[in-house]
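Structure data follow from entry.tsv (TSV, C-alpha atoms and all ligand atoms):
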chain	number	residue	atom	x	y	z
A	47	MET	CA	0.00	0.00	0.00
A	48	ARG	CA	1.35	3.45	-0.97
A	49	MET	CA	1.10	6.14	1.68
A	50	ASN	CA	1.88	9.78	2.32
A	51	ARG	CA	5.59	10.17	2.72
A	52	PRO	CA	6.51	11.08	6.32
A	53	THR	CA	8.77	14.14	6.32
A	54	THR	CA	9.14	15.02	10.01
A	55	PRO	CA	10.81	13.00	12.79
A	56	GLY	CA	7.43	12.53	14.49
A	57	ASP	CA	5.76	11.30	11.31
A	58	ARG	CA	8.67	9.00	10.51
A	59	ALA	CA	8.55	7.52	14.03
A	60	ALA	CA	4.80	6.96	13.71
A	61	HIS	CA	5.18	5.34	10.28
A	62	TRP	CA	7.94	2.93	11.26
A	63	ASN	CA	6.42	2.10	14.65
A	64	SER	CA	3.21	1.17	12.88
A	65	VAL	CA	5.09	-1.04	10.38
A	66	TYR	CA	6.91	-2.95	13.14
A	67	ASP	CA	3.74	-3.18	15.26
A	68	THR	CA	1.76	-4.59	12.34
A	69	LYS	CA	4.29	-6.97	10.79
A	70	GLY	CA	6.48	-7.93	13.71
A	71	GLU	CA	10.26	-7.93	13.63
A	72	ASP	CA	10.50	-11.06	11.42
A	73	GLY	CA	7.53	-10.27	9.17
A	74	VAL	CA	8.93	-7.13	7.56
A	75	SER	CA	10.12	-7.52	3.96
A	76	TRP	CA	13.73	-6.65	4.84
A	77	TYR	CA	13.99	-9.32	7.57
A	78	GLN	CA	16.95	-11.66	7.35
A	79	SER	CA	17.84	-14.29	9.94
A	80	VAL	CA	21.52	-14.17	8.98
A	81	PRO	CA	22.97	-10.89	7.66
A	82	THR	CA	25.21	-12.71	5.20
A	83	VAL	CA	26.65	-9.77	3.28
A	84	THR	CA	27.26	-7.74	6.43
A	85	LEU	CA	29.19	-10.62	8.02
A	86	ASP	CA	31.11	-11.23	4.80
A	87	LEU	CA	32.14	-7.56	4.67
A	88	LEU	CA	33.20	-7.55	8.33
A	89	ASP	CA	35.54	-10.41	7.45
A	90	ALA	CA	36.73	-8.87	4.18
A	91	LEU	CA	37.46	-5.54	5.90
A	92	ARG	CA	39.07	-7.29	8.88
A	93	VAL	CA	37.12	-5.17	11.30
A	94	ARG	CA	38.62	-5.58	14.77
A	95	THR	CA	36.30	-6.59	17.61
A	96	SER	CA	37.29	-3.39	19.43
A	97	ALA	CA	36.07	-1.23	16.51
A	98	SER	CA	33.17	1.14	17.17
A	99	ILE	CA	30.25	0.14	14.96
A	100	ILE	CA	26.96	1.88	14.36
A	101	ASP	CA	24.02	0.19	12.66
A	102	LEU	CA	22.26	3.30	11.37
A	103	GLY	CA	18.55	2.62	11.05
A	104	GLY	CA	19.23	-0.84	12.40
A	105	GLY	CA	15.66	-1.21	13.61
A	106	ALA	CA	14.99	-4.71	14.91
A	107	SER	CA	17.70	-6.22	12.68
A	108	VAL	CA	19.68	-9.21	13.95
A	109	VAL	CA	22.94	-7.59	12.83
A	110	VAL	CA	23.45	-6.58	16.46
A	111	ASP	CA	22.95	-10.19	17.65
A	112	HIS	CA	25.64	-11.38	15.25
A	113	LEU	CA	28.02	-8.60	16.27
A	114	LEU	CA	27.66	-9.53	19.93
A	115	ALA	CA	28.08	-13.22	19.10
A	116	ARG	CA	31.36	-12.29	17.41
A	117	ASP	CA	32.43	-10.42	20.56
A	118	PHE	CA	32.35	-6.91	19.14
A	119	THR	CA	32.53	-4.68	22.20
A	120	ASP	CA	31.42	-1.24	20.97
A	121	VAL	CA	28.10	-1.58	19.16
A	122	THR	CA	25.52	1.18	18.67
A	123	VAL	CA	22.09	0.81	17.08
A	124	LEU	CA	20.27	4.00	16.06
A	125	ASP	CA	16.67	4.05	14.88
A	126	VAL	CA	13.70	6.40	14.78
A	127	SER	CA	11.37	3.54	15.77
A	128	LYS	CA	11.13	2.89	19.50
A	129	VAL	CA	9.07	-0.22	18.76
A	130	ALA	CA	11.87	-1.71	16.64
A	131	LEU	CA	14.54	-0.97	19.24
A	132	GLU	CA	12.42	-2.43	22.03
A	133	ASP	CA	11.84	-5.59	19.96
A	134	ALA	CA	15.59	-5.97	19.48
A	135	GLU	CA	16.31	-5.31	23.16
A	136	ALA	CA	13.70	-7.84	24.27
A	137	ARG	CA	15.08	-10.45	21.86
A	138	LEU	CA	18.62	-9.98	23.18
A	139	GLY	CA	17.62	-10.03	26.84
A	140	PRO	CA	20.52	-9.30	29.24
A	141	ALA	CA	22.96	-9.09	26.29
A	142	SER	CA	21.16	-5.89	25.23
A	143	GLU	CA	23.06	-4.11	28.01
A	144	ARG	CA	26.20	-4.50	25.89
A	145	VAL	CA	24.64	-2.28	23.19
A	146	HIS	CA	24.31	1.51	22.98
A	147	TRP	CA	20.72	2.10	21.87
A	148	LEU	CA	19.97	5.46	20.28
A	149	HIS	CA	16.33	6.29	19.74
A	150	ARG	CA	16.94	9.11	17.28
A	151	ASP	CA	16.05	10.38	13.85
A	152	VAL	CA	19.19	10.59	11.72
A	153	PHE	CA	18.15	14.08	10.59
A	154	ASP	CA	17.78	15.23	14.17
A	155	TRP	CA	21.05	13.83	15.47
A	156	ALA	CA	24.52	15.24	15.92
A	157	PRO	CA	26.91	12.31	16.50
A	158	GLU	CA	28.61	12.64	19.88
A	159	ARG	CA	31.52	10.52	18.67
A	160	ARG	CA	33.05	9.08	15.53
A	161	PHE	CA	32.57	5.46	14.50
A	162	ASP	CA	35.02	3.10	12.83
A	163	LEU	CA	32.23	1.38	10.91
A	164	TRP	CA	28.98	2.94	9.75
A	165	HIS	CA	26.47	0.32	8.56
A	166	ASP	CA	23.28	1.32	6.76
A	167	ARG	CA	21.14	-1.36	5.18
A	168	ALA	CA	17.99	-0.09	3.50
A	169	VAL	CA	17.79	3.40	5.03
A	170	PHE	CA	19.62	5.67	2.57
A	171	HIS	CA	17.40	4.64	-0.35
A	172	PHE	CA	14.40	6.32	1.33
A	173	LEU	CA	16.09	9.69	0.83
A	174	ILE	CA	14.49	10.79	-2.41
A	175	GLU	CA	15.21	14.53	-2.13
A	176	GLU	CA	18.62	16.03	-2.80
A	177	ASP	CA	18.56	18.03	0.44
A	178	GLU	CA	17.86	14.85	2.43
A	179	ARG	CA	20.87	13.12	0.91
A	180	GLU	CA	23.02	16.19	1.62
A	181	ALA	CA	21.83	16.29	5.24
A	182	TYR	CA	22.61	12.58	5.64
A	183	LEU	CA	26.09	13.15	4.20
A	184	GLN	CA	26.73	15.93	6.71
A	185	VAL	CA	25.79	13.64	9.59
A	186	LEU	CA	27.88	10.82	8.15
A	187	ARG	CA	30.91	13.05	7.73
A	188	SER	CA	30.70	14.16	11.35
A	189	GLY	CA	30.16	10.62	12.61
A	190	ILE	CA	32.77	8.59	10.73
A	191	ALA	CA	36.29	8.18	12.09
A	192	PRO	CA	39.34	8.99	9.94
A	193	GLY	CA	40.24	5.71	8.28
A	194	GLY	CA	36.76	4.36	9.02
A	195	ARG	CA	34.58	2.40	6.66
A	196	VAL	CA	31.02	3.06	5.50
A	197	VAL	CA	28.76	0.22	4.37
A	198	VAL	CA	25.59	1.25	2.54
A	199	ALA	CA	23.03	-1.12	1.01
A	200	THR	CA	20.12	0.01	-1.17
A	201	PHE	CA	17.74	-1.60	-3.64
A	202	ASP	CA	19.60	-2.01	-6.89
A	203	ALA	CA	18.63	-0.47	-10.22
A	204	HIS	CA	16.21	-3.36	-10.89
A	205	GLY	CA	14.85	-3.54	-7.37
A	206	PRO	CA	11.38	-2.51	-6.14
A	207	THR	CA	10.36	1.12	-6.48
A	208	HIS	CA	8.79	1.14	-2.99
A	209	CYS	CA	9.45	-0.32	0.43
A	210	SER	CA	6.92	-0.38	3.25
A	211	GLY	CA	4.67	1.87	1.16
A	212	LEU	CA	7.34	4.54	0.66
A	213	PRO	CA	9.18	5.44	-2.55
A	214	VAL	CA	12.87	4.65	-2.77
A	215	VAL	CA	15.76	5.59	-5.04
A	216	ARG	CA	17.41	2.58	-6.68
A	217	TYR	CA	21.14	2.48	-7.35
A	218	GLY	CA	23.87	0.57	-9.09
A	219	ALA	CA	27.19	0.61	-7.25
A	220	THR	CA	28.69	3.35	-9.43
A	221	GLU	CA	25.68	5.65	-9.01
A	222	LEU	CA	25.57	5.04	-5.27
A	223	ALA	CA	29.28	5.73	-4.83
A	224	GLN	CA	28.88	8.87	-6.93
A	225	ILE	CA	26.49	10.32	-4.33
A	226	PHE	CA	29.17	10.03	-1.66
A	227	ALA	CA	31.99	11.44	-3.80
A	228	PRO	CA	34.09	13.54	-3.43
A	229	HIS	CA	34.12	12.98	0.32
A	230	PHE	CA	34.29	9.18	0.13
A	231	ASP	CA	36.14	6.70	-2.08
A	232	LEU	CA	34.69	3.41	-3.25
A	233	VAL	CA	36.48	0.47	-1.64
A	234	ASP	CA	34.33	-2.55	-2.48
A	235	THR	CA	30.90	-3.58	-3.77
A	236	ARG	CA	28.53	-6.53	-3.42
A	237	SER	CA	25.29	-7.58	-5.10
A	238	GLU	CA	22.72	-9.49	-3.12
A	239	GLU	CA	19.43	-11.18	-3.92
A	240	HIS	CA	17.49	-10.79	-0.70
A	241	LEU	CA	14.61	-13.23	-0.20
A	242	THR	CA	11.73	-11.62	1.70
A	243	PRO	CA	9.65	-13.59	4.23
A	244	ALA	CA	6.92	-13.67	1.52
A	245	GLY	CA	9.35	-15.37	-0.88
A	246	LEU	CA	10.02	-12.39	-3.17
A	247	VAL	CA	13.49	-11.63	-4.45
A	248	GLN	CA	14.78	-8.10	-3.86
A	249	PRO	CA	18.12	-7.24	-5.47
A	250	PHE	CA	20.38	-5.06	-3.33
A	251	THR	CA	23.48	-3.02	-4.15
A	252	TRP	CA	26.12	-2.79	-1.44
A	253	VAL	CA	29.04	-0.37	-1.40
A	254	VAL	CA	31.92	0.04	1.00
A	255	LEU	CA	33.36	3.55	1.18
A	256	SER	CA	36.22	5.21	2.99
A	257	PRO	CA	36.61	8.90	3.80
A	258	SER	CA	38.79	10.58	1.17
A	259	SER	CA	42.11	11.72	2.53
B	301	LIG	C1	13.84	-0.92	5.68
B	301	LIG	S1	14.19	-0.79	7.36
B	301	LIG	C2	15.79	-1.52	7.50
B	301	LIG	C3	16.14	-1.93	8.91
B	301	LIG	C4	17.52	-2.58	9.09
B	301	LIG	N1	18.57	-1.70	8.64
B	301	LIG	C5	17.59	-3.91	8.40
B	301	LIG	O1	18.31	-4.04	7.41
B	301	LIG	O2	16.92	-4.83	8.89
B	301	LIG	C6	14.53	0.96	7.55
B	301	LIG	C7	14.84	1.32	8.98
B	301	LIG	O3	15.25	2.66	9.03
B	301	LIG	C8	14.62	3.31	10.11
B	301	LIG	N2	14.57	4.74	9.73
B	301	LIG	C9	13.90	5.27	8.69
B	301	LIG	N3	14.11	6.59	8.62
B	301	LIG	C10	14.94	6.90	9.66
B	301	LIG	C11	15.50	8.11	10.13
B	301	LIG	N4	15.27	9.27	9.51
B	301	LIG	N5	16.29	8.07	11.22
B	301	LIG	C12	16.55	6.88	11.85
B	301	LIG	N6	16.02	5.70	11.45
B	301	LIG	C13	15.23	5.71	10.36
B	301	LIG	C14	13.28	2.62	10.23
B	301	LIG	O4	12.69	2.75	11.48
B	301	LIG	C15	13.65	1.18	9.91
B	301	LIG	O5	14.02	0.46	11.07
Could you show the structure in this file as C-alpha cells?
Amino acid sequence: MRMNRPTTPGDRAAHWNSVYDTKGEDGVSWYQSVPTVTLDLLDALRVRTSASIIDLGGGASVVVDHLLARDFTDVTVLDVSKVALEDAEARLGPASERVHWLHRDVFDWAPERRFDLWHDRAVFHFLIEEDEREAYLQVLRSGIAPGGRVVVATFDAHGPTHCSGLPVVRYGATELAQIFAPHFDLVDTRSEEHLTPAGLVQPFTWVVLSPSS
C-alpha cells in the first residue's frame, strides 16, 4: 500500500512504529535471519572486535545479535522507531546491556563521537530529495572516524520502487558511490538477492566507502 511520505521525525517515528507493530520484527520484507553480506564484509574488511560500529537505522535487525556473538565490544544501534529498538532489546535479553541504543532520527542527530564502521542497510534509499541526501552526508561526515569504513546497502537499479509503502531511489554501485563522492572513495561492492519472508526476491546493491584523505 502506498502512503503519504513522512517528512518530520514525528511522522517517521509513527510510520515505522506502525510497520513494526503490524508486521512484527520477522515479518517485515527486509527481515533476514543471517545478515550474510554484512558478516562477509566484516571479514573482508578485517574489522577488529574493538572497533566502534553503528548500525544506522538498524531497527529490529539481527545484525546486532551477530556482532555480539562475534564479541564486538562497541556496538551502537540507532533508529527512529522505539518499537523496533524495544523488539531488538527484548530479543537480546541481558545481552542488550552490551549495546548503545539510540532512539533518534538521523536528521535530528549530531553524532557525539566518531565510529570506525557505519552500517546502513535499507535506510539511505528512502532519501528521495537532494537536500535529504546532503543532510545525511553531513551527519555521516561528522560521525565517521578517519580511516573508518562506511557500508551502505540500497535496492539495486532493478529492485522494487517502494518499500513499506514509501518510494525509494534505486542504485547501481557506481551511481551510489557517486552520491558520496568527493568525500568518500569506493572500496568494495557486493550484489545481493534478498529473499523476503513472503518469498520475493529483492536485489540489493552494497558499497563500502572510505573517507577521502
Ligand atoms: C527498511 S528498514 C531496515 C532496517 C535494518 N537496517 C535492516 O536491514 O533490517 C529501515 C529502517 O530505518 C529506520 N529509519 C527510517 N528513517 C529513519 C531516520 N530518519 N532516522 C533513523 N532511522 C530511520 C526505520 O525505522 C527502519 O528500522
Notebook entry, point to check: If we count all atoms listed in the file, what is near Glu239 in chain A at a cut-off of 12 Å, once residues fewer than 2 positions away on the same chain are taken out, given as a list in words?
Noted result: Trp76, Gln78, Thr82, Val83, Ala199, Thr200, Phe201, Asp202, His204, Gly205, Arg236, Ser237, Leu241, Thr242, Gly245, Leu246, Val247, Gln248, Pro249, Phe250, Thr251 and Trp252 of chain A
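Considering the residues A:Glu238, A:Asp231, A:Asp154, A:Glu132 and counting all atoms listed in the file, ligand LIG 301 (chain B) has its shortest atom-to-atom contact with A:Asp154.
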Could you give me, as a PDB file with C-alpha atoms, keeping the file's coordinate frame, every polymer residue with an atom at most 9 Å away from an atom of ligand LIG 301 (chain B), counting all atoms listed in the file?
ATOM      1  CA  THR A  53       8.770  14.140   6.320  1.00  0.00           C
ATOM      2  CA  THR A  54       9.140  15.020  10.010  1.00  0.00           C
ATOM      3  CA  PRO A  55      10.810  13.000  12.790  1.00  0.00           C
ATOM      4  CA  ARG A  58       8.670   9.000  10.510  1.00  0.00           C
ATOM      5  CA  ALA A  59       8.550   7.520  14.030  1.00  0.00           C
ATOM      6  CA  HIS A  61       5.180   5.340  10.280  1.00  0.00           C
ATOM      7  CA  TRP A  62       7.940   2.930  11.260  1.00  0.00           C
ATOM      8  CA  ASN A  63       6.420   2.100  14.650  1.00  0.00           C
ATOM      9  CA  VAL A  65       5.090  -1.040  10.380  1.00  0.00           C
ATOM     10  CA  TYR A  66       6.910  -2.950  13.140  1.00  0.00           C
ATOM     11  CA  GLU A  71      10.260  -7.930  13.630  1.00  0.00           C
ATOM     12  CA  VAL A  74       8.930  -7.130   7.560  1.00  0.00           C
ATOM     13  CA  SER A  75      10.120  -7.520   3.960  1.00  0.00           C
ATOM     14  CA  TRP A  76      13.730  -6.650   4.840  1.00  0.00           C
ATOM     15  CA  TYR A  77      13.990  -9.320   7.570  1.00  0.00           C
ATOM     16  CA  GLN A  78      16.950 -11.660   7.350  1.00  0.00           C
ATOM     17  CA  PRO A  81      22.970 -10.890   7.660  1.00  0.00           C
ATOM     18  CA  ASP A 101      24.020   0.190  12.660  1.00  0.00           C
ATOM     19  CA  LEU A 102      22.260   3.300  11.370  1.00  0.00           C
ATOM     20  CA  GLY A 103      18.550   2.620  11.050  1.00  0.00           C
ATOM     21  CA  GLY A 104      19.230  -0.840  12.400  1.00  0.00           C
ATOM     22  CA  GLY A 105      15.660  -1.210  13.610  1.00  0.00           C
ATOM     23  CA  ALA A 106      14.990  -4.710  14.910  1.00  0.00           C
ATOM     24  CA  SER A 107      17.700  -6.220  12.680  1.00  0.00           C
ATOM     25  CA  VAL A 108      19.680  -9.210  13.950  1.00  0.00           C
ATOM     26  CA  VAL A 109      22.940  -7.590  12.830  1.00  0.00           C
ATOM     27  CA  LEU A 124      20.270   4.000  16.060  1.00  0.00           C
ATOM     28  CA  ASP A 125      16.670   4.050  14.880  1.00  0.00           C
ATOM     29  CA  VAL A 126      13.700   6.400  14.780  1.00  0.00           C
ATOM     30  CA  SER A 127      11.370   3.540  15.770  1.00  0.00           C
ATOM     31  CA  LYS A 128      11.130   2.890  19.500  1.00  0.00           C
ATOM     32  CA  VAL A 129       9.070  -0.220  18.760  1.00  0.00           C
ATOM     33  CA  ALA A 130      11.870  -1.710  16.640  1.00  0.00           C
ATOM     34  CA  LEU A 131      14.540  -0.970  19.240  1.00  0.00           C
ATOM     35  CA  HIS A 149      16.330   6.290  19.740  1.00  0.00           C
ATOM     36  CA  ARG A 150      16.940   9.110  17.280  1.00  0.00           C
ATOM     37  CA  ASP A 151      16.050  10.380  13.850  1.00  0.00           C
ATOM     38  CA  VAL A 152      19.190  10.590  11.720  1.00  0.00           C
ATOM     39  CA  PHE A 153      18.150  14.080  10.590  1.00  0.00           C
ATOM     40  CA  ASP A 154      17.780  15.230  14.170  1.00  0.00           C
ATOM     41  CA  TRP A 155      21.050  13.830  15.470  1.00  0.00           C
ATOM     42  CA  HIS A 165      26.470   0.320   8.560  1.00  0.00           C
ATOM     43  CA  ASP A 166      23.280   1.320   6.760  1.00  0.00           C
ATOM     44  CA  ARG A 167      21.140  -1.360   5.180  1.00  0.00           C
ATOM     45  CA  ALA A 168      17.990  -0.090   3.500  1.00  0.00           C
ATOM     46  CA  VAL A 169      17.790   3.400   5.030  1.00  0.00           C
ATOM     47  CA  PHE A 170      19.620   5.670   2.570  1.00  0.00           C
ATOM     48  CA  HIS A 171      17.400   4.640  -0.350  1.00  0.00           C
ATOM     49  CA  PHE A 172      14.400   6.320   1.330  1.00  0.00           C
ATOM     50  CA  LEU A 173      16.090   9.690   0.830  1.00  0.00           C
ATOM     51  CA  TYR A 182      22.610  12.580   5.640  1.00  0.00           C
ATOM     52  CA  ALA A 199      23.030  -1.120   1.010  1.00  0.00           C
ATOM     53  CA  CYS A 209       9.450  -0.320   0.430  1.00  0.00           C
ATOM     54  CA  SER A 210       6.920  -0.380   3.250  1.00  0.00           C
TER      55      SER A 210
END
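Considering the residues A:Arg216, A:His229, A:His146, A:Arg179 and counting only C-alpha atoms, Ile99 in chain A has its shortest atom-to-atom contact with A:His146.
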Notebook entry, point to check: What is the distance between CA of Val215 in chain A and CA of Ile174 in chain A, in Å to one decimal?
Noted result: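 Here the two named atoms are 6.0 Å from each other.
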Using only the atoms of range 173-187 of chain A listed in the file, plus 5 Å on each side, state the axis-aligned box centre and edge lengths in Å rounded to one decimal, as lines of an AutoDock Vina configuration file.
center_x = 22.7
center_y = 13.9
center_z = 3.4
size_x = 26.4
size_y = 18.3
size_z = 22.4
Checklist line | Non-local contacts of Pro228 in chain A (12 Å; only C-alpha atoms; under 6 positions in same chain excluded) as JSON, numbers by chain | finding: {"A": [183, 187, 255, 256, 257, 258, 259]}
Next item on the list: Provide the CA of Thr84 in chain A to CA of Val197 in chain A distance in Å, to one decimal place.
Entry: 8.4 Å
